[in-house]
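J.: One structure coming up, written as structure tokens, with questions to follow.
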Amino acid sequence: MKEVVVISGKGGTGKTSLTSSLAYYFENRIMVDCDVDAPDLEIVFKPENYEEFDFIGAKKARINQEKCTSCGLCRQVCNFDAVNLIDGKYTIDNLNCESCGACVYFCPVNAIDFEPEFAGKYFRGKTRFGELVHAELEPGEENSGKLVVTVKKEAEKIINQENIKNMLSDGTPGIGCAVIASISGADYTVCVTEPGVSAIHDMKRVLELTRHFGIKCGVIINKADINPDKTLEIETFLLKNNICLLGKINFDKNVINAQINGQTIPEFDKKSDTALRVESIYKKLVEELNG
Amino acid sequence: MKIAIASGKGGTGKTTVAANLFYAMKTFYNNVVLVDTDVEEPNIELFFKKQRTEETPVNVQIPEFIEENCTECGKCDNICEFKALVTIKNKPYIIEDLCKACGLCIRVCPSNALVKKDKKIGKIIHSVTDDNSNIISGELEVGQILTSTLINKVKKHSFNQNGKVYIIDAPPGTTCPAVASIKDSDIVVFVAEPTPYGLKDLKLAVKLAQNLGKPYGVIINKHGLGNGDTEKWLESENIKIFGKIPYLDDIALKTSNGEILTSYASRFVVIAGNILREGGE
């Protein structure tokens with residue numbers, strides 16, 4: 001089985017459109033949406049026969065006011081400023097709490113409950129391209145990394161049961177814990193960038209991250225014709241650093257029209273310039289995967 | 001007044017809006033401070049000429065094991081919620097990449113066998129522009145996971161600058177980094193793009209602002225791309241639209257070069273006024 005994860009650093013470079021369109025060309029594949037706080041693959045894939053699971057997140061500390069003696073030790077041992085003192089009453093600020101349990105450990109009267117709570121859902125469903133596993137974290141919840149790991153584990157079950165050969169994942173923007181969880185164990189990462197100062201800066205950080213974890217990364221330059229000078233700058237950088245350029249795609253309003261129709265780029269128009277370019281990117285990607 | 005510029009989906013134009021609003025806001029107030037809390041991918045610096053820049057490393061304190069002090073008492077066994085400390089034969093081993101620097105194991109150890117050690121998670125970059133404005137960004141070290149910890153330190157540093165208005169460029173999404181960035185703002189401005197992906201993620205982001213009890217409104221960016229569903233939804237939900245920015249090749253090119261959109265300055269002044277009014281200024 002080969003696992004490919006599409007990432008970008010900067011958001012909005014076209015990860016989801018390219019992941020879904022690459023999925024069109026792959027055979028015997030499963031799709032995974034690792035972008036758990038903005039999961040959009042389902043808009044194109046419209047999964048059916050859903051199975052739904054609860055995601056139980058981190059433990060949440062809560063002070064039981066009946067038992068609390070207001071000694072203040074919890075506030076002293078919290079490294080995250082997550083214990084508020086208002087009118088002599090101690091409470092946990094959930095937005096700051098990192099669920100480390102220090103307050104629970106040191107509370108002398110066991111006044112702090114510490115139980116895992118519901119934090120989102122994950123799903124598996126059948127699509128016209130095979131199965132899709134995706135998730136949705138409750139807005140404001142932490143632990144997106146853990147949910148990504150959960151989603152990938154669910155996908156692995158299906159891969160083993162059905163002897164699937166290719167796993168294609170849509171990652172999240174950034175380089176933080178959700179991205180690290182998405183790319184861990186992958187055979188190859190695809191970085192979708194665009195010719196702009198922000199996207200180039202972010203691409204370089206992504207390439208540093210994949211190098212840090214020893215995972216191969218190839219680059220797609222999307223919307224290449226928006227700024228030809230910057231496109232050349234990216235190509236030169238990739239050449240100098242011996243990084244594979246998987247291909248270039250020009251700005252194309254039909255990418256958005258395909259999205260509005262709930263289609264991949266080749267389904268919208270298989271003979272369009274953009275679709276042909278995606279197809280050649282797919283071929284290059286397969287070479288890279290086998291090389 | 002603290003104004004957070006946020007979005008559900010990435011790449012809708014948060015940084016472009018934040019950089020241009022920063023200029024527009026200066027027509028109303030003298031001391032406007034720009035803060036970039038998108039510490040995984042900080043970009044706002046790229047839009048400005050600076051007269052000077054100062055970088056401060058941000059450290060957290062993680063445990064270091066001093067074997068000769070260890071009495072094998074077993075108190076640290078199984079204590080780490082993040083599985084960053086495992087004990088083998090009653091002795092601890094620390095997996096630094098998983099450590100969140102909560103300090104619990106250090107506090108628990110009775111014999112000083114676990115002591116504090118500095119670990120760099122990123123840096124704060126404080127720049128002063130040609131016109132003496134302050135721009136403060138956080139930058140996460142590649143491979144590190146303590147995003148929210150760094151964001152909190154960036155905010156602490158920034159909010160000491162006596163700003164009349166703070167414009168905070170937040171990371172995309174609805175999870176902890178976004179929450180850390182917007183939780184102490186007075187108003188949240190969502191930058192949305194009118195596409196199906198954009199609308200779906202905007203709905204999630206709006207839910208976050210509602211959960212946090214924040215006043216909010218929306219700027220529609222790349223107006224003219226996609227379809228009218230986003231506007232229809234905003235109208236049906238009665239959500240304030242602060243302004244619209246068209247999709248134009250010229251804007252795309254200027255932004256990709258890291259330029260401020262001077263020819264659209266008046267539009268951003270109107271948007272800034274709308275935000276200030278909604279925020280009660």
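The way I read the labels, and the way they are meant: chains A, B, ... in the order of the structure tokens, residue 1 as the first residue of every chain, and ligand 1 as the first ligand shown, with later ones counted on from there.
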Show me, as a Markdown table, the residues of chain A having an atom within 8 Å of chain B, each with the closest atom pair and its distance in Å, using only C-alpha atoms.
T.:
| residue | atom | partner | partner_atom | distance |
| --- | --- | --- | --- | --- |
| A:Gly9 | CA | B:Glu41 | CA | 6.7 |
| A:Lys10 | CA | B:Gly11 | CA | 6.6 |
| A:Gly11 | CA | B:Gly10 | CA | 3.7 |
| A:Gly12 | CA | B:Gly11 | CA | 3.7 |
| A:Thr13 | CA | B:Gly11 | CA | 6.7 |
| A:Asp37 | CA | B:Gly173 | CA | 5.5 |
| A:Ala38 | CA | B:Asp201 | CA | 5.4 |
| A:Pro39 | CA | B:Asp201 | CA | 7.7 |
| A:Asp40 | CA | B:Tyr197 | CA | 5.8 |
| A:Ile43 | CA | B:Tyr197 | CA | 7.5 |
| A:Val77 | CA | B:Leu104 | CA | 7.9 |
| A:Cys78 | CA | B:Cys102 | CA | 7.3 |
| A:Asn79 | CA | B:Cys102 | CA | 5.5 |
| A:Phe80 | CA | B:Cys102 | CA | 7.5 |
| A:Leu95 | CA | B:Val179 | CA | 7.2 |
| A:Asn96 | CA | B:Ala180 | CA | 7.7 |
| A:Ser99 | CA | B:Glu81 | CA | 7.5 |
| A:Cys100 | CA | B:Glu81 | CA | 5.6 |
| A:Gly101 | CA | B:Glu81 | CA | 7.0 |
| A:Ala102 | CA | B:Leu104 | CA | 5.4 |
| A:Leu137 | CA | B:Thr175 | CA | 7.8 |
| A:Pro139 | CA | B:Thr174 | CA | 5.1 |
| A:Gly140 | CA | B:Thr175 | CA | 5.0 |
| A:Glu141 | CA | B:Thr175 | CA | 5.4 |
| A:Glu142 | CA | B:Cys176 | CA | 4.9 |
| A:Asn143 | CA | B:Cys176 | CA | 7.8 |
| A:Ser144 | CA | B:Thr175 | CA | 7.0 |
| A:Pro173 | CA | B:Gly10 | CA | 6.7 |
| A:Gly174 | CA | B:Glu40 | CA | 5.2 |
| A:Ile175 | CA | B:Glu40 | CA | 5.5 |
| A:Gly176 | CA | B:Ile145 | CA | 5.5 |
| A:Cys177 | CA | B:Ile145 | CA | 5.2 |
| A:Ile180 | CA | B:Gly143 | CA | 7.7 |
| A:Pro195 | CA | B:Ser256 | CA | 6.5 |
| A:Gly196 | CA | B:Ser256 | CA | 3.7 |
| A:Val197 | CA | B:Ser256 | CA | 5.6 |
| A:Ser198 | CA | B:Asn43 | CA | 5.5 |
| A:His201 | CA | B:Asn43 | CA | 7.6 |
| A:Asp202 | CA | B:Glu41 | CA | 5.7 |
| A:Arg205 | CA | B:Val142 | CA | 6.9 |
| A:Glu208 | CA | B:Val142 | CA | 7.0 |
| A:Leu209 | CA | B:Val142 | CA | 5.9 |
| A:His212 | CA | B:Gly143 | CA | 7.0 |
| A:Ile226 | CA | B:Leu253 | CA | 6.1 |
| A:Asn227 | CA | B:Leu253 | CA | 6.0 |
| A:Lys230 | CA | B:Asn257 | CA | 8.0 |
| A:Lys253 | CA | B:Leu225 | CA | 7.5 |
| A:Ile256 | CA | B:Gly226 | CA | 6.0 |
| A:Asn257 | CA | B:Gly226 | CA | 6.9 |
| A:Gln259 | CA | B:Pro196 | CA | 6.7 |
| A:Ile260 | CA | B:Pro196 | CA | 6.1 |
J.: Can you write out as CSV which residues of stretch 201-227 of chain A fall within 7 Å of stretch 234-246 of chain A, alongside each residue's closest atom pair and its distance in Å to one decimal, counting only C-alpha atoms and ordering rows by chain and ascending residue number?
T.:
residue,atom,partner,partner_atom,distance
A:Gly218,CA,A:Cys244,CA,4.9
A:Val219,CA,A:Leu245,CA,5.0
A:Ile220,CA,A:Leu246,CA,5.4
J.: Could you give me the residues within stretch 79-266 of chain B that DSSP places in strand (DSSP E or B), as a ChimeraX atom specification?
T.: /B:85-88,91-94,114-129,134-140,165-169,187-192,216-223,225,241-246
J.: Store the residues of this selection in a file with C-alpha atoms, as a short mmCIF file (atom, residue, chain, number, x, y, z; two decimals), in the first residue's frame.
T.:
data_model
loop_
_atom_site.label_atom_id
_atom_site.label_comp_id
_atom_site.auth_asym_id
_atom_site.auth_seq_id
_atom_site.Cartn_x
_atom_site.Cartn_y
_atom_site.Cartn_z
CA LEU B 85 7.45 10.18 29.82
CA VAL B 86 7.61 6.41 29.98
CA THR B 87 9.20 4.44 32.76
CA ILE B 88 11.25 1.34 32.15
CA LYS B 91 13.38 4.90 35.51
CA PRO B 92 11.89 7.63 33.34
CA TYR B 93 12.62 8.19 29.65
CA ILE B 94 11.54 11.47 28.11
CA LEU B 114 13.71 15.44 36.91
CA VAL B 115 14.81 19.06 36.52
CA LYS B 116 13.83 21.93 34.25
CA LYS B 117 15.56 22.40 30.93
CA ASP B 118 14.92 25.13 28.34
CA LYS B 119 13.61 24.12 24.97
CA LYS B 120 13.05 26.61 22.14
CA ILE B 121 9.61 26.34 20.55
CA GLY B 122 9.78 29.42 18.38
CA LYS B 123 10.42 33.12 18.41
CA ILE B 124 8.73 36.50 18.61
CA ILE B 125 9.66 38.88 15.80
CA HIS B 126 9.02 42.53 16.67
CA SER B 127 9.44 44.95 13.77
CA VAL B 128 9.09 48.69 13.51
CA THR B 129 7.99 49.91 10.09
CA ASN B 134 4.72 48.01 15.49
CA ILE B 135 4.31 44.64 13.83
CA ILE B 136 4.69 41.56 15.99
CA SER B 137 4.75 37.99 14.70
CA GLY B 138 5.26 34.60 16.24
CA GLU B 139 7.13 31.88 14.37
CA LEU B 140 6.89 28.26 15.45
CA VAL B 165 -6.34 49.12 18.04
CA TYR B 166 -4.79 45.68 17.65
CA ILE B 167 -5.30 43.79 14.41
CA ILE B 168 -4.66 40.10 14.92
CA ASP B 169 -4.00 37.87 11.91
CA ILE B 187 -14.63 41.39 17.63
CA VAL B 188 -13.94 38.66 15.08
CA VAL B 189 -13.82 39.46 11.38
CA PHE B 190 -14.14 36.37 9.20
CA VAL B 191 -12.69 36.55 5.72
CA ALA B 192 -14.74 34.27 3.49
CA TYR B 216 -18.49 38.95 14.56
CA GLY B 217 -19.01 39.84 10.95
CA VAL B 218 -17.77 38.83 7.54
CA ILE B 219 -15.70 40.29 4.71
CA ILE B 220 -16.36 38.56 1.41
CA ASN B 221 -13.08 38.31 -0.47
CA LYS B 222 -12.61 37.23 -4.11
CA HIS B 223 -16.16 38.43 -4.72
CA LEU B 225 -15.63 33.96 -8.04
CA ILE B 241 -21.16 41.94 6.04
CA PHE B 242 -18.40 44.52 6.64
CA GLY B 243 -17.50 44.72 2.97
CA LYS B 244 -16.67 42.93 -0.24
CA ILE B 245 -13.37 42.76 -2.10
CA PRO B 246 -13.60 41.72 -5.75
#
J.: Report as a short mmCIF file (atom, residue, chain, number, x, y, z; two decimals) with C-alpha atoms, in the first residue's frame all protein, DNA and RNA residues lying within 8 Å of A:Pro116, evaluated on only C-alpha atoms, omitting residues in the same chain fewer than 5 positions from it.
T.:
data_model
loop_
_atom_site.label_atom_id
_atom_site.label_comp_id
_atom_site.auth_asym_id
_atom_site.auth_seq_id
_atom_site.Cartn_x
_atom_site.Cartn_y
_atom_site.Cartn_z
CA ILE A 56 -13.71 11.15 22.43
CA GLY A 57 -11.08 13.84 22.91
CA ALA A 58 -8.81 14.77 25.77
CA LYS A 59 -9.77 14.63 29.42
CA LYS A 60 -11.33 17.81 30.74
#
J.: With a distance cut-off of 9 Å and only C-alpha atoms, select the neighbouring residues of A:Cys103, excluding the residue or stretch itself and same-chain residues fewer than 5 positions from it, and output the selection as a ChimeraX atom specification.
T.: /A:61,73-78,83,112 /B:104
J.: Suppose we keep C-alpha atoms; can you now write the selection as an mmCIF file, in the first residue's frame?
T.:
data_model
loop_
_atom_site.group_PDB
_atom_site.id
_atom_site.type_symbol
_atom_site.label_atom_id
_atom_site.label_comp_id
_atom_site.auth_asym_id
_atom_site.auth_seq_id
_atom_site.Cartn_x
_atom_site.Cartn_y
_atom_site.Cartn_z
ATOM 1 C CA ALA A 61 -10.632 19.103 34.200
ATOM 2 C CA LEU A 73 -2.945 24.860 44.848
ATOM 3 C CA CYS A 74 -4.425 24.086 41.407
ATOM 4 C CA ARG A 75 -3.748 27.619 40.284
ATOM 5 C CA GLN A 76 -0.144 27.433 41.513
ATOM 6 C CA VAL A 77 0.673 24.203 39.638
ATOM 7 C CA CYS A 78 -0.967 25.154 36.317
ATOM 8 C CA VAL A 83 -7.269 28.205 36.586
ATOM 9 C CA ILE A 112 -11.298 18.046 40.330
ATOM 10 C CA LEU B 104 3.855 17.807 36.343
#
J.: Just give me the gap between atom CA of B:Gly228 and atom CA of A:Asp225 in Å, one decimal is fine.
T.: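 We find that atom CA of B:Gly228 and atom CA of A:Asp225 lie 26.2 Å from each other.
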J.: Could you please write out, as a ChimeraX atom specification, every residue of stretch 42-221 of chain B that DSSP assigns to alpha helix (DSSP H)?
T.: /B:104-108,147-158,176-182,196-212
J.: What does the file look like for those residues with N, CA and C atoms, as a CSV table (one decimal), in the first residue's frame?
T.:
chain,number,residue,atom,x,y,z
B,104,LEU,N,4.4,18.7,35.3
B,104,LEU,CA,3.9,17.8,36.3
B,104,LEU,C,4.9,16.8,36.8
B,105,CYS,N,5.6,16.2,35.9
B,105,CYS,CA,6.6,15.2,36.4
B,105,CYS,C,7.7,15.8,37.2
B,106,ILE,N,8.1,17.1,36.8
B,106,ILE,CA,9.1,17.7,37.6
B,106,ILE,C,8.7,18.0,39.0
B,107,ARG,N,7.4,18.5,39.1
B,107,ARG,CA,6.8,18.8,40.5
B,107,ARG,C,6.7,17.5,41.3
B,108,VAL,N,6.4,16.4,40.6
B,108,VAL,CA,6.1,15.1,41.4
B,108,VAL,C,7.4,14.5,41.9
B,147,THR,N,1.9,25.1,19.6
B,147,THR,CA,1.3,26.3,18.9
B,147,THR,C,0.6,27.3,19.8
B,148,SER,N,-0.3,26.7,20.6
B,148,SER,CA,-1.1,27.6,21.5
B,148,SER,C,-0.2,28.3,22.5
B,149,THR,N,0.8,27.6,23.1
B,149,THR,CA,1.7,28.2,24.1
B,149,THR,C,2.4,29.4,23.4
B,150,LEU,N,2.9,29.2,22.2
B,150,LEU,CA,3.6,30.3,21.5
B,150,LEU,C,2.6,31.5,21.3
B,151,ILE,N,1.4,31.2,20.8
B,151,ILE,CA,0.4,32.2,20.5
B,151,ILE,C,0.2,33.1,21.8
B,152,ASN,N,0.0,32.4,22.9
B,152,ASN,CA,-0.3,33.1,24.1
B,152,ASN,C,0.9,34.0,24.5
B,153,LYS,N,2.1,33.6,24.2
B,153,LYS,CA,3.3,34.5,24.5
B,153,LYS,C,3.4,35.6,23.6
B,154,VAL,N,3.0,35.4,22.3
B,154,VAL,CA,3.0,36.5,21.3
B,154,VAL,C,2.0,37.6,21.7
B,155,LYS,N,0.8,37.1,22.1
B,155,LYS,CA,-0.2,38.0,22.5
B,155,LYS,C,0.2,38.9,23.8
B,156,LYS,N,0.8,38.2,24.7
B,156,LYS,CA,1.2,38.9,25.9
B,156,LYS,C,2.2,40.0,25.6
B,157,HIS,N,3.2,39.6,24.7
B,157,HIS,CA,4.2,40.6,24.3
B,157,HIS,C,3.5,41.8,23.6
B,158,SER,N,2.5,41.4,22.7
B,158,SER,CA,1.9,42.5,21.8
B,158,SER,C,1.0,43.4,22.6
B,176,CYS,N,-7.6,24.6,18.4
B,176,CYS,CA,-6.9,25.3,19.4
B,176,CYS,C,-6.1,26.6,19.0
B,177,PRO,N,-5.3,26.5,17.9
B,177,PRO,CA,-4.6,27.7,17.5
B,177,PRO,C,-5.5,28.9,17.2
B,178,ALA,N,-6.7,28.6,16.5
B,178,ALA,CA,-7.6,29.7,16.2
B,178,ALA,C,-8.3,30.2,17.5
B,179,VAL,N,-8.6,29.3,18.4
B,179,VAL,CA,-9.2,29.7,19.6
B,179,VAL,C,-8.3,30.6,20.4
B,180,ALA,N,-7.0,30.1,20.5
B,180,ALA,CA,-6.0,30.9,21.3
B,180,ALA,C,-5.9,32.3,20.7
B,181,SER,N,-6.0,32.4,19.4
B,181,SER,CA,-5.8,33.7,18.7
B,181,SER,C,-7.0,34.7,18.9
B,182,ILE,N,-8.2,34.1,19.0
B,182,ILE,CA,-9.4,35.0,19.0
B,182,ILE,C,-10.1,35.2,20.3
B,196,PRO,N,-18.2,26.8,-2.6
B,196,PRO,CA,-18.8,25.8,-1.7
B,196,PRO,C,-17.9,25.4,-0.5
B,197,TYR,N,-16.5,25.2,-0.7
B,197,TYR,CA,-15.6,24.9,0.4
B,197,TYR,C,-15.6,26.1,1.4
B,198,GLY,N,-15.5,27.3,0.8
B,198,GLY,CA,-15.5,28.5,1.6
B,198,GLY,C,-16.7,28.6,2.5
B,199,LEU,N,-17.9,28.3,2.0
B,199,LEU,CA,-19.1,28.5,2.7
B,199,LEU,C,-19.2,27.4,3.8
B,200,LYS,N,-18.8,26.2,3.5
B,200,LYS,CA,-18.9,25.1,4.5
B,200,LYS,C,-18.0,25.5,5.7
B,201,ASP,N,-16.8,25.9,5.4
B,201,ASP,CA,-15.8,26.2,6.5
B,201,ASP,C,-16.2,27.5,7.3
B,202,LEU,N,-16.9,28.5,6.5
B,202,LEU,CA,-17.3,29.7,7.2
B,202,LEU,C,-18.4,29.3,8.2
B,203,LYS,N,-19.3,28.4,7.9
B,203,LYS,CA,-20.3,28.0,8.8
B,203,LYS,C,-19.7,27.5,10.1
B,204,LEU,N,-18.7,26.7,10.0
B,204,LEU,CA,-18.0,26.1,11.2
B,204,LEU,C,-17.4,27.2,12.0
B,205,ALA,N,-16.7,28.2,11.3
B,205,ALA,CA,-16.0,29.3,12.0
B,205,ALA,C,-17.0,30.2,12.7
B,206,VAL,N,-18.2,30.4,12.1
B,206,VAL,CA,-19.2,31.3,12.7
B,206,VAL,C,-19.7,30.6,14.0
B,207,LYS,N,-19.8,29.2,13.9
B,207,LYS,CA,-20.2,28.5,15.1
B,207,LYS,C,-19.2,28.7,16.3
B,208,LEU,N,-18.0,28.7,15.9
B,208,LEU,CA,-16.9,28.9,16.9
B,208,LEU,C,-17.1,30.3,17.6
B,209,ALA,N,-17.3,31.3,16.8
B,209,ALA,CA,-17.5,32.7,17.4
B,209,ALA,C,-18.7,32.7,18.3
B,210,GLN,N,-19.8,32.0,17.9
B,210,GLN,CA,-21.0,31.9,18.7
B,210,GLN,C,-20.7,31.2,20.0
B,211,ASN,N,-20.0,30.1,19.9
B,211,ASN,CA,-19.6,29.3,21.1
B,211,ASN,C,-18.8,30.2,22.1
B,212,LEU,N,-17.9,31.0,21.5
B,212,LEU,CA,-17.1,31.9,22.4
B,212,LEU,C,-17.8,33.1,22.8
J.: Which one is closest to B:Gln161: B:Glu235, B:Lys240, B:Ser111, B:Ser133? Count only C-alpha atoms.
T.: B:Ser133
J.: Tell me, in Å to one decimal, how far atom CA of B:Asp131 is from atom CA of B:Ala19.
T.: 14.3 Å
J.: Which one of A:Ala224, A:Cys34, A:Lys157, A:Thr210 sits closest to A:Gly145 if you count only C-alpha atoms?
T.: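 For A:Gly145, the nearest of the candidates is A:Cys34.
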